[in-house]
file entry-v5.txt (compact mmCIF, C-alpha atoms)
# COMPACT_ATOMS: atom_id res chain seq x y z
CA MET A 11 64.01 92.26 113.49
CA THR A 12 67.46 93.25 112.26
CA THR A 13 70.45 90.97 111.94
CA ARG A 14 71.15 89.26 115.27
CA GLU A 15 68.13 91.20 116.64
CA GLY A 16 69.87 94.54 116.31
CA SER A 17 73.00 93.36 118.09
CA LEU A 18 76.29 94.92 117.08
CA GLU A 19 78.22 92.11 118.74
CA ALA A 20 80.68 90.09 116.69
CA PRO A 21 79.77 86.46 115.97
CA THR A 22 80.58 84.23 118.92
CA ARG A 23 81.46 80.56 118.84
CA HIS A 24 80.16 78.05 121.38
CA PRO A 25 82.47 75.24 122.51
CA LEU A 26 82.12 71.92 120.71
CA ASP A 27 80.46 69.72 123.33
CA TRP A 28 81.91 66.51 121.94
CA LYS A 29 82.60 64.89 125.32
CA ASN A 30 78.88 64.89 126.10
CA PRO A 31 77.32 61.45 125.35
CA GLU A 32 74.34 63.25 123.78
CA PHE A 33 76.68 64.64 121.12
CA TRP A 34 76.73 61.16 119.54
CA ASN A 35 72.93 60.83 119.36
CA GLU A 36 72.28 60.54 115.61
CA ALA A 37 68.56 61.20 115.91
CA ALA A 38 69.26 64.47 117.73
CA LEU A 39 71.79 65.40 115.04
CA GLU A 40 69.26 64.77 112.27
CA LYS A 41 66.77 67.01 114.05
CA GLU A 42 69.40 69.78 114.24
CA LEU A 43 70.34 69.28 110.59
CA GLU A 44 66.67 69.67 109.64
CA ARG A 45 66.44 72.85 111.73
CA ILE A 46 69.44 74.57 110.21
CA TYR A 47 68.71 73.32 106.68
CA ASP A 48 65.28 74.94 106.99
CA ILE A 49 66.80 78.25 108.07
CA CYS A 50 69.37 78.12 105.24
CA HIS A 51 66.65 77.24 102.70
CA GLY A 52 64.66 80.30 103.77
CA CYS A 53 67.69 82.58 103.48
CA ARG A 54 69.92 81.27 100.65
CA ARG A 55 72.47 84.00 101.23
CA CYS A 56 75.40 81.53 101.08
CA ILE A 57 74.59 79.99 97.69
CA SER A 58 77.76 81.35 96.07
CA LEU A 59 80.21 80.19 98.74
CA CYS A 60 80.68 76.50 98.01
CA THR A 61 78.80 73.45 96.72
CA ALA A 62 77.24 72.48 100.08
CA PHE A 63 74.50 75.10 99.80
CA PRO A 64 73.56 74.49 96.15
CA THR A 65 73.40 70.78 97.00
CA LEU A 66 70.98 71.54 99.85
CA PHE A 67 68.84 73.90 97.81
CA ASP A 68 68.63 71.47 94.87
CA LEU A 69 67.50 68.73 97.25
CA VAL A 70 64.78 71.02 98.58
CA ASP A 71 63.67 72.34 95.20
CA GLU A 72 63.49 68.84 93.71
CA SER A 73 61.50 67.40 96.62
CA GLU A 74 57.72 66.88 96.51
CA THR A 75 57.00 69.63 99.04
CA MET A 76 59.79 72.00 97.91
CA GLU A 77 60.56 72.36 101.62
CA VAL A 78 63.10 70.65 103.87
CA ASP A 79 60.45 68.26 105.14
CA GLY A 80 60.34 66.76 101.65
CA VAL A 81 64.03 65.86 101.64
CA LYS A 82 64.92 62.29 102.58
CA LYS A 83 66.94 62.06 105.79
CA ALA A 84 69.49 59.89 103.98
CA ASP A 85 70.12 62.79 101.59
CA TYR A 86 71.09 65.12 104.46
CA TRP A 87 74.54 63.52 104.29
CA LYS A 88 75.05 64.67 100.70
CA VAL A 89 75.25 68.21 102.06
CA VAL A 90 77.65 67.16 104.82
CA ASP A 91 80.00 65.57 102.29
CA GLN A 92 80.17 68.80 100.27
CA CYS A 93 81.20 70.92 103.28
CA TYR A 94 84.95 71.29 103.79
CA LEU A 95 84.74 73.43 106.95
CA CYS A 96 86.16 76.65 105.48
CA ASP A 97 84.09 78.60 108.07
CA LEU A 98 83.31 81.45 105.65
CA CYS A 99 79.54 81.06 105.95
CA TYR A 100 79.82 81.48 109.71
CA MET A 101 82.27 84.36 109.74
CA THR A 102 81.25 86.41 106.70
CA LYS A 103 77.72 85.62 105.54
CA CYS A 104 75.31 84.16 108.05
CA PRO A 105 73.04 86.64 109.91
CA TYR A 106 71.82 83.94 112.31
CA VAL A 107 75.01 82.98 114.12
CA PRO A 108 75.23 83.50 117.90
CA PRO A 109 74.30 85.78 119.64
CA HIS A 110 71.23 85.54 117.38
CA PRO A 111 68.71 83.30 119.18
CA TRP A 112 68.55 80.92 116.22
CA ASN A 113 72.12 79.95 117.14
CA LEU A 114 73.11 78.67 113.72
CA ASP A 115 76.60 77.25 113.32
CA PHE A 116 76.60 75.50 109.95
CA PRO A 117 80.30 74.44 109.88
CA HIS A 118 80.30 72.97 113.37
CA THR A 119 77.03 71.17 112.69
CA MET A 120 78.71 69.67 109.61
CA LEU A 121 81.70 68.76 111.82
CA HIS A 122 79.28 67.14 114.28
CA ALA A 123 77.84 65.06 111.43
CA LYS A 124 81.30 64.11 110.14
CA ALA A 125 82.26 62.96 113.65
CA ILE A 126 79.22 60.69 113.89
CA LYS A 127 79.90 59.37 110.40
CA PHE A 128 83.49 58.58 111.37
CA LYS A 129 82.45 56.88 114.61
CA LYS A 130 80.03 54.69 112.65
CA GLY A 131 82.93 53.51 110.46
CA GLU A 132 81.57 55.16 107.31
CA VAL A 133 84.90 56.65 106.24
CA ASN A 134 86.94 54.91 103.55
CA PHE A 135 90.62 54.00 103.46
CA ARG A 136 91.54 56.79 101.05
CA ASP A 137 90.17 59.51 103.33
CA LYS A 138 91.98 58.06 106.34
CA LEU A 139 95.18 57.83 104.31
CA LEU A 140 95.03 61.41 103.01
CA SER A 141 94.46 62.76 106.52
CA ALA A 142 97.59 61.00 107.85
CA THR A 143 99.85 63.82 106.65
CA ASP A 144 102.63 63.18 109.16
CA ALA A 145 102.82 59.45 108.45
CA ILE A 146 102.77 59.96 104.67
CA GLY A 147 105.39 62.69 104.92
CA LYS A 148 107.76 60.54 106.98
CA LEU A 149 107.44 57.65 104.53
CA ALA A 150 107.58 59.74 101.35
CA THR A 151 110.74 61.63 102.37
CA ILE A 152 112.88 58.56 103.03
CA PRO A 153 115.98 58.73 100.79
CA VAL A 154 115.44 56.90 97.46
CA VAL A 155 111.71 56.61 98.27
CA VAL A 156 111.28 60.35 97.77
CA GLN A 157 112.56 60.18 94.17
CA ALA A 158 110.15 57.34 93.38
CA VAL A 159 107.21 59.15 94.99
CA ASN A 160 107.89 62.39 93.10
CA ALA A 161 108.30 60.52 89.83
CA SER A 162 104.97 58.77 90.39
CA LEU A 163 103.20 62.13 90.75
CA LYS A 164 104.03 62.86 87.09
CA ASN A 165 103.46 59.38 85.71
CA LYS A 166 100.14 59.56 83.84
CA PRO A 167 99.41 55.81 83.61
CA LEU A 168 100.19 55.37 87.30
CA ARG A 169 98.08 58.40 88.24
CA LYS A 170 95.18 56.96 86.26
CA THR A 171 95.53 53.68 88.17
CA ILE A 172 95.64 55.52 91.49
CA ASP A 173 92.53 57.43 90.43
CA ASN A 174 90.70 54.20 89.64
CA VAL A 175 91.82 52.36 92.78
CA LEU A 176 91.97 55.08 95.46
CA GLY A 177 89.93 57.93 94.03
CA ILE A 178 92.72 60.53 93.97
CA HIS A 179 92.07 62.46 90.76
CA GLN A 180 94.64 61.91 88.05
CA ASP A 181 94.57 65.55 86.92
CA ARG A 182 95.11 67.11 90.34
CA LYS A 183 98.55 68.70 90.51
CA LEU A 184 100.01 67.38 93.76
CA PRO A 185 102.91 68.82 95.79
CA GLU A 186 106.22 67.02 95.59
CA TYR A 187 108.05 65.81 98.70
CA ASN A 188 111.45 67.07 99.79
CA GLY A 189 113.99 64.74 101.38
CA ALA A 190 115.72 67.71 103.03
CA LYS A 191 113.05 68.09 105.69
CA PHE A 192 112.72 71.51 107.26
CA ARG A 193 113.16 70.39 110.85
CA ALA A 194 116.31 68.46 109.91
CA THR A 195 117.91 71.33 107.98
CA ALA A 196 116.69 74.50 109.71
CA ARG A 197 119.26 76.56 111.60
CA PRO A 198 117.32 79.22 113.50
CA ASP A 199 119.35 82.10 114.91
CA ASN A 200 118.72 82.67 118.60
CA SER A 201 121.69 84.97 119.20
CA PHE A 202 119.95 88.36 118.97
CA ALA A 203 118.84 90.40 121.93
CA VAL A 204 115.12 90.21 122.65
CA LYS A 205 113.35 93.44 121.74
CA ASP A 206 109.76 93.27 122.91
CA GLY A 207 107.33 95.72 121.40
CA GLU A 208 104.11 97.11 122.77
CA ARG A 209 102.19 94.64 120.62
CA THR A 210 104.72 91.89 120.00
CA PRO A 211 107.00 89.52 121.89
CA GLY A 212 110.57 89.97 120.71
CA LYS A 213 111.32 86.27 120.28
CA VAL A 214 109.71 83.66 118.06
CA ALA A 215 109.18 79.90 118.06
CA ILE A 216 108.45 78.16 114.74
CA TYR A 217 105.89 75.35 114.56
CA SER A 218 106.82 74.09 111.12
CA THR A 219 103.68 72.08 110.14
CA CYS A 220 103.59 68.88 108.06
CA TYR A 221 103.50 70.72 104.75
CA ILE A 222 106.52 72.94 105.42
CA ASN A 223 108.47 70.06 106.93
CA TYR A 224 107.88 67.53 104.16
CA ASN A 225 106.79 69.42 101.02
CA GLU A 226 108.09 72.98 100.83
CA PRO A 227 110.79 73.46 103.47
CA GLY A 228 112.00 76.50 101.55
CA ILE A 229 109.06 78.50 102.92
CA GLY A 230 110.23 77.75 106.45
CA HIS A 231 113.82 78.68 105.62
CA ASP A 232 112.62 81.95 104.07
CA LEU A 233 110.68 82.77 107.24
CA LEU A 234 113.81 82.17 109.30
CA ALA A 235 115.77 84.45 106.94
CA ILE A 236 113.21 87.24 107.41
CA LEU A 237 113.38 86.87 111.19
CA LYS A 238 117.18 86.89 111.11
CA HIS A 239 117.23 90.00 108.93
CA ASN A 240 114.99 91.71 111.47
CA GLU A 241 117.20 90.51 114.34
CA ILE A 242 114.39 88.53 115.96
CA PRO A 243 115.71 85.50 117.89
CA ALA A 244 114.03 82.29 116.74
CA VAL A 245 113.86 78.66 117.84
CA LEU A 246 112.05 75.59 116.56
CA VAL A 247 109.38 73.92 118.67
CA GLU A 248 111.28 71.10 120.35
CA LYS A 249 108.93 68.38 119.15
CA GLU A 250 105.83 68.48 116.99
CA ALA A 251 103.22 66.34 115.28
CA CYS A 252 100.43 67.20 112.86
CA CYS A 253 98.20 70.01 114.17
CA GLY A 254 95.15 67.75 113.72
CA MET A 255 93.24 69.79 111.13
CA PRO A 256 93.11 66.94 108.55
CA LYS A 257 91.74 64.61 111.23
CA LEU A 258 89.26 67.27 112.36
CA GLU A 259 87.94 67.62 108.81
CA LEU A 260 87.56 63.83 108.72
CA GLY A 261 85.60 63.82 111.98
CA ASP A 262 88.23 61.78 113.85
CA LEU A 263 88.01 63.78 117.07
CA ASN A 264 89.77 61.19 119.21
CA ARG A 265 92.86 61.40 117.00
CA VAL A 266 92.68 65.20 117.21
CA GLU A 267 92.89 64.84 120.99
CA GLU A 268 95.85 62.46 120.72
CA LEU A 269 97.74 64.94 118.55
CA MET A 270 96.82 67.76 120.91
CA ASN A 271 98.33 65.80 123.78
CA ILE A 272 101.59 65.45 121.82
CA ASN A 273 101.85 69.09 120.76
CA ILE A 274 100.46 71.22 123.57
CA PRO A 275 103.09 70.37 126.27
CA HIS A 276 105.88 71.62 123.98
CA LEU A 277 103.92 74.64 122.76
CA VAL A 278 102.67 75.78 126.15
CA LYS A 279 106.20 75.78 127.54
CA LEU A 280 107.19 78.28 124.86
CA ALA A 281 104.00 80.29 125.31
CA ARG A 282 104.68 80.69 129.04
CA GLU A 283 108.28 81.68 128.30
CA GLY A 284 106.99 84.61 126.28
CA TYR A 285 107.53 83.37 122.72
CA ALA A 286 105.30 84.29 119.81
CA ILE A 287 104.54 80.96 118.10
CA LEU A 288 104.38 81.24 114.30
CA THR A 289 103.00 78.74 111.80
CA ALA A 290 103.30 79.28 108.04
CA ILE A 291 100.12 77.35 107.17
CA PRO A 292 96.83 79.17 107.99
CA SER A 293 94.90 75.96 108.74
CA CYS A 294 97.45 75.01 111.41
CA THR A 295 97.32 78.48 112.93
CA LEU A 296 93.52 78.31 113.00
CA MET A 297 93.62 74.92 114.66
CA TYR A 298 95.40 76.39 117.67
CA LYS A 299 93.60 79.72 117.62
CA GLN A 300 90.07 78.36 117.30
CA GLU A 301 89.34 74.68 116.89
CA LEU A 302 91.34 73.20 119.78
CA PRO A 303 90.25 75.97 122.18
CA LEU A 304 86.63 75.21 121.28
CA MET A 305 87.15 71.46 121.71
CA PHE A 306 88.97 71.92 125.04
CA PRO A 307 87.58 75.16 126.50
CA ASN A 308 88.59 74.31 130.07
CA ASP A 309 92.18 73.33 129.30
CA ALA A 310 94.38 76.19 130.50
CA ASP A 311 97.35 75.00 128.44
CA VAL A 312 95.34 74.99 125.21
CA GLN A 313 94.06 78.49 125.98
CA ALA A 314 97.59 79.73 126.71
CA VAL A 315 98.82 78.41 123.36
CA LYS A 316 95.88 80.13 121.67
CA GLU A 317 97.03 83.47 123.03
CA ALA A 318 100.63 82.90 121.89
CA MET A 319 99.80 81.71 118.34
CA TRP A 320 100.36 84.13 115.44
CA ASP A 321 99.94 84.13 111.70
CA PRO A 322 103.41 85.16 110.38
CA PHE A 323 102.16 88.31 108.66
CA GLU A 324 99.97 89.21 111.61
CA TYR A 325 103.17 89.14 113.67
CA LEU A 326 105.33 91.00 111.14
CA MET A 327 102.81 93.81 110.63
CA ALA A 328 102.34 94.14 114.40
CA ARG A 329 106.11 94.32 114.59
CA ASN A 330 105.97 97.09 112.01
CA ALA A 331 103.39 98.93 114.11
CA ASP A 332 105.83 98.65 117.01
CA GLY A 333 108.46 100.36 114.85
CA LEU A 334 110.65 97.24 114.96
CA LEU A 335 110.34 95.84 111.41
CA LYS A 336 113.03 96.70 108.90
CA THR A 337 111.72 98.16 105.65
CA ASP A 338 114.97 98.19 103.69
CA PHE A 339 113.46 96.44 100.69
CA LYS A 340 115.81 96.17 97.73
CA LYS A 341 114.09 94.15 94.99
CA PRO A 342 110.85 95.24 93.28
CA LEU A 343 108.21 92.52 93.30
CA GLY A 344 106.08 93.89 90.48
CA LYS A 345 102.48 92.68 90.23
CA VAL A 346 101.21 90.08 92.68
CA ALA A 347 97.82 88.36 92.42
CA TYR A 348 97.36 87.58 96.09
CA HIS A 349 94.72 85.13 97.35
CA ALA A 350 93.62 85.43 100.98
CA PRO A 351 92.87 81.87 102.18
CA CYS A 352 89.64 81.09 104.01
CA HIS A 353 91.37 79.76 107.13
CA GLN A 354 93.36 82.97 107.40
CA ARG A 355 90.41 85.28 106.77
CA VAL A 356 88.34 83.71 109.54
CA GLN A 357 91.11 84.44 112.07
CA ASN A 358 89.91 88.06 111.95
CA VAL A 359 93.41 89.55 111.88
CA GLY A 360 92.81 91.69 108.80
CA PRO A 361 94.62 91.69 105.44
CA LYS A 362 98.10 91.60 106.95
CA THR A 363 99.75 89.68 104.12
CA LYS A 364 98.46 92.15 101.55
CA GLU A 365 99.67 95.04 103.71
CA ALA A 366 103.13 93.49 104.05
CA LEU A 367 103.46 92.92 100.30
CA GLN A 368 102.38 96.50 99.64
CA LEU A 369 104.85 97.72 102.24
CA ALA A 370 107.51 95.86 100.25
CA GLY A 371 106.45 97.75 97.11
CA ALA A 372 104.32 95.14 95.36
CA GLU A 373 101.30 96.08 93.25
CA VAL A 374 98.76 93.74 94.83
CA THR A 375 95.51 92.45 93.38
CA ASN A 376 93.70 91.16 96.45
CA ILE A 377 91.40 88.15 95.89
CA GLU A 378 89.08 87.18 98.74
CA ARG A 379 87.23 84.12 97.47
CA CYS A 380 87.57 80.48 98.40
CA SER A 381 89.85 78.63 96.00
CA GLY A 382 87.87 75.41 96.45
CA HIS A 383 90.83 73.14 97.17
CA ASP A 384 90.61 72.85 100.95
CA GLY A 385 93.24 70.40 102.08
CA THR A 386 92.38 66.98 100.70
CA TRP A 387 88.84 67.77 99.46
CA GLY A 388 89.88 68.95 95.99
CA VAL A 389 92.23 65.99 95.61
CA LYS A 390 89.40 63.46 95.69
CA SER A 391 88.03 62.24 92.37
CA GLU A 392 84.39 62.89 93.23
CA TYR A 393 85.06 66.52 94.20
CA PHE A 394 87.77 67.47 91.69
CA ALA A 395 85.33 68.91 89.13
CA ASN A 396 83.61 70.98 91.81
CA SER A 397 86.94 72.26 93.09
CA MET A 398 87.89 73.40 89.58
CA LYS A 399 84.49 75.07 89.22
CA ILE A 400 84.91 76.96 92.50
CA VAL A 401 88.39 78.18 91.54
CA LYS A 402 87.24 79.60 88.19
CA PRO A 403 86.38 83.12 89.40
CA VAL A 404 89.58 83.25 91.47
CA ALA A 405 91.65 82.18 88.46
CA ARG A 406 89.84 84.69 86.25
CA LEU A 407 90.66 87.56 88.62
CA ALA A 408 94.27 86.39 88.78
CA ASN A 409 94.56 86.19 85.00
CA GLU A 410 93.02 89.65 84.57
CA ALA A 411 95.68 91.11 86.88
CA LYS A 412 98.45 89.92 84.49
CA PRO A 413 100.66 89.29 87.53
CA ASP A 414 104.32 88.46 87.82
CA TYR A 415 103.47 86.23 90.78
CA VAL A 416 100.47 84.26 92.03
CA SER A 417 100.60 83.96 95.78
CA SER A 418 98.56 82.61 98.68
CA ASP A 419 99.40 81.98 102.33
CA CYS A 420 97.89 78.53 101.67
CA ALA A 421 100.50 76.89 99.44
CA ILE A 422 98.12 74.28 98.05
CA ALA A 423 95.58 77.00 97.19
CA GLY A 424 98.32 78.83 95.27
CA ARG A 425 99.05 75.70 93.24
CA HIS A 426 95.33 75.11 92.67
CA ILE A 427 94.81 78.69 91.42
CA LEU A 428 97.73 78.40 89.04
CA GLN A 429 96.24 75.17 87.69
CA GLY A 430 92.90 76.95 87.29
CA MET A 431 94.58 79.78 85.36
CA GLY A 432 95.40 77.33 82.60
CA GLU A 433 98.44 76.32 80.61
CA GLY A 434 98.91 79.82 79.18
CA ALA A 435 99.55 81.41 82.57
CA THR A 436 103.01 82.98 82.73
CA ALA A 437 102.97 84.00 86.39
CA GLN A 438 105.22 82.25 88.90
CA LYS A 439 103.73 80.70 92.05
CA GLN A 440 105.52 82.00 95.14
CA HIS A 441 104.48 81.96 98.76
CA PRO A 442 104.09 85.45 100.33
CA ILE A 443 106.88 84.65 102.82
CA THR A 444 109.20 83.89 99.90
CA LEU A 445 108.16 87.12 98.15
CA LEU A 446 108.94 89.15 101.26
CA LYS A 447 112.35 87.51 101.54
CA MET A 448 112.98 88.29 97.87
CA ALA A 449 111.96 91.92 98.43
CA TYR A 450 114.56 92.18 101.20
CA GLY A 451 117.13 90.93 98.69
CA LEU A 452 118.04 87.97 100.89
call {"tool": "encode", "arguments": {"input": "entry-v5.txt", "output": "structure tokens"}}
result
Amino acid sequence: MTTREGSLEAPTRHPLDWKNPEFWNEAALEKELERIYDICHGCRRCISLCTAFPTLFDLVDESETMEVDGVKKADYWKVVDQCYLCDLCYMTKCPYVPPHPWNLDFPHTMLHAKAIKFKKGEVNFRDKLLSATDAIGKLATIPVVVQAVNASLKNKPLRKTIDNVLGIHQDRKLPEYNGAKFRATARPDNSFAVKDGERTPGKVAIYSTCYINYNEPGIGHDLLAILKHNEIPAVLVEKEACCGMPKLELGDLNRVEELMNINIPHLVKLAREGYAILTAIPSCTLMYKQELPLMFPNDADVQAVKEAMWDPFEYLMARNADGLLKTDFKKPLGKVAYHAPCHQRVQNVGPKTKEALQLAGAEVTNIERCSGHDGTWGVKSEYFANSMKIVKPVARLANEAKPDYVSSDCAIAGRHILQGMGEGATAQKQHPITLLKMAYGL
């Protein structure tokens, strides 16, 4: 039997049947965990991806039987806790995903387990707090408060206390907050004529995301500058809340639905008016392209937003293919160590960011390995050491490139990689959108 029984079909994803009462049957979940753990133990192809698989294989190898049946059921959850839902095992490694009859979906089985764990109340205050990105951002960017928050991020005694009390690692470099929120300061230009291409709508709506709005609004402003330079009319989504990815990773599916109900009415209006909807954070793009459509497969509005959602570089390179992207680049970018984030890679759009940077004249070292940060996972004290271990080969490749810039579409991954490169690193961290704007000389 060959991979997927000789099938040449791409991996397919089944909807997440979370509205079915049987979904919440813990005994049935444990039986499914045992089934897929046994398949993974017999294969071990994913051992280098993250710490979930080594955790599983160590549990098996240290058991009395050296098989999954020798692992205590209570220890199954140790594997679940190590999975941060990057999706790489499903999309790039596993030979047993659907349409293979074994129907193995490791990430969504881990999500299933996280959802049951959350429903049982086995999630602590810190994890709930870290996943409330919108609420934290609104509080942290209040005038005066923002200065205090940013100062606290660099205060070593305070960080040690926070580590001891909350379990947010004192050595994790955290993003600062910006009181000049993107949505409050952005001035999109909607005055240009719409020029639709064969592949691309000629007008764009920006869904800013929590991170761009509260932490690095400059990335959003740089995206607007690129669109303006290319005479693409742009608007902001009228109203938005968190995309729901942090709550999904926590297993809080009800809150994901609440956020979906806030966002989708505004997004679907734009989708049906012919806008391309762009998000500058890959996890947010993926949420609308994959996770929400799988959670709500029969919701026509969700499916319409899925079709209208674009990664920014996916859109810009499609625009280039339409002959409608300006290539009047003025400033050399030099060497760029570019990291392709997991949540962008699994969108299956190809290496569009790398292609755009090369189009702009950059010498790109392309790095396709997980950085190990994953949202809030690498922030937590118990996973910090593992996150720094996972980033080591990425940081090594970046250091070997001797780059002028370290860049990733995932801004927190970029910061994590730079931290992994060590104190002697001389490269600047810049988001790819910022680099493209710089190349235009804007």
call {"tool": "residues_around", "arguments": {"input": "entry-v5.txt", "residues": "Asp419 of chain A", "least_positions_apart": "3", "cutoff": "9 Å", "atoms": "only C-alpha atoms", "output": "PyMOL selection string"}}
result
chain A and resi 290-292+348-351+354+363+422-424+441-443
call {"tool": "closest_atom_pairs", "arguments": {"input": "entry-v5.txt", "of": "segment 358-442 of chain A", "to": "segment 136-155 of chain A", "cutoff": "9 Å", "atoms": "only C-alpha atoms", "output": "tab-separated table"}}
result
residue	atom	partner	partner_atom	distance
A:Gly385	CA	A:Ser141	CA	8.9
A:Thr386	CA	A:Leu140	CA	6.6
A:Lys390	CA	A:Asp137	CA	8.6
call {"tool": "residues_near_point", "arguments": {"input": "entry-v5.txt", "point": "(85.7, 64.1, 88.3)", "cutoff": "12 Å", "atoms": "all atoms listed in the file", "output": "tab-separated table (two decimals) with C-alpha atoms, in the frame of the given file"}}
result
chain	number	residue	atom	x	y	z
A	173	ASP	CA	92.53	57.43	90.43
A	174	ASN	CA	90.70	54.20	89.64
A	177	GLY	CA	89.93	57.93	94.03
A	178	ILE	CA	92.72	60.53	93.97
A	179	HIS	CA	92.07	62.46	90.76
A	180	GLN	CA	94.64	61.91	88.05
A	181	ASP	CA	94.57	65.55	86.92
A	182	ARG	CA	95.11	67.11	90.34
A	388	GLY	CA	89.88	68.95	95.99
A	389	VAL	CA	92.23	65.99	95.61
A	390	LYS	CA	89.40	63.46	95.69
A	391	SER	CA	88.03	62.24	92.37
A	392	GLU	CA	84.39	62.89	93.23
A	393	TYR	CA	85.06	66.52	94.20
A	394	PHE	CA	87.77	67.47	91.69
A	395	ALA	CA	85.33	68.91	89.13
A	396	ASN	CA	83.61	70.98	91.81
A	397	SER	CA	86.94	72.26	93.09
A	398	MET	CA	87.89	73.40	89.58
A	399	LYS	CA	84.49	75.07	89.22
call {"tool": "atom_distance", "arguments": {"input": "entry-v5.txt", "atom1": "atom CA of Phe116 of chain A", "atom2": "atom CA of Tyr221 of chain A"}}
result
27.8 Å
call {"tool": "residues_around", "arguments": {"input": "entry-v5.txt", "residues": "segment 160-168 of chain A", "least_positions_apart": "2", "cutoff": "9 Å", "atoms": "all atoms listed in the file", "output": "number ranges by chain"}}
result
A: 150, 155-158, 170-173, 180-181, 183-188
call {"tool": "residues_near_point", "arguments": {"input": "entry-v5.txt", "point": "(99.7, 64.6, 124.2)", "cutoff": "12 Å", "atoms": "all atoms listed in the file", "output": "list of chain:residue names"}}
result
A:Lys249, A:Glu250, A:Ala251, A:Cys252, A:Cys253, A:Gly254, A:Asn264, A:Arg265, A:Val266, A:Glu267, A:Glu268, A:Leu269, A:Met270, A:Asn271, A:Ile272, A:Asn273, A:Ile274, A:Pro275, A:His276, A:Leu277, A:Val278, A:Asp311, A:Val312
call {"tool": "residues_around", "arguments": {"input": "entry-v5.txt", "residues": "Val247 of chain A", "least_positions_apart": "6", "cutoff": "8 Å", "atoms": "all atoms listed in the file", "output": "ChimeraX atom specification"}}
result
/A:215-218,276-277,280
call {"tool": "write_last_selection", "arguments": {"input": "entry-v5.txt", "atoms": "C-alpha atoms", "output": "PDB file, in the frame of the given file"}}
result
ATOM      1  CA  ALA A 215     109.180  79.900 118.060  1.00  0.00           C
ATOM      2  CA  ILE A 216     108.450  78.160 114.740  1.00  0.00           C
ATOM      3  CA  TYR A 217     105.890  75.350 114.560  1.00  0.00           C
ATOM      4  CA  SER A 218     106.820  74.090 111.120  1.00  0.00           C
ATOM      5  CA  HIS A 276     105.880  71.620 123.980  1.00  0.00           C
ATOM      6  CA  LEU A 277     103.920  74.640 122.760  1.00  0.00           C
ATOM      7  CA  LEU A 280     107.190  78.280 124.860  1.00  0.00           C
TER       8      LEU A 280
END
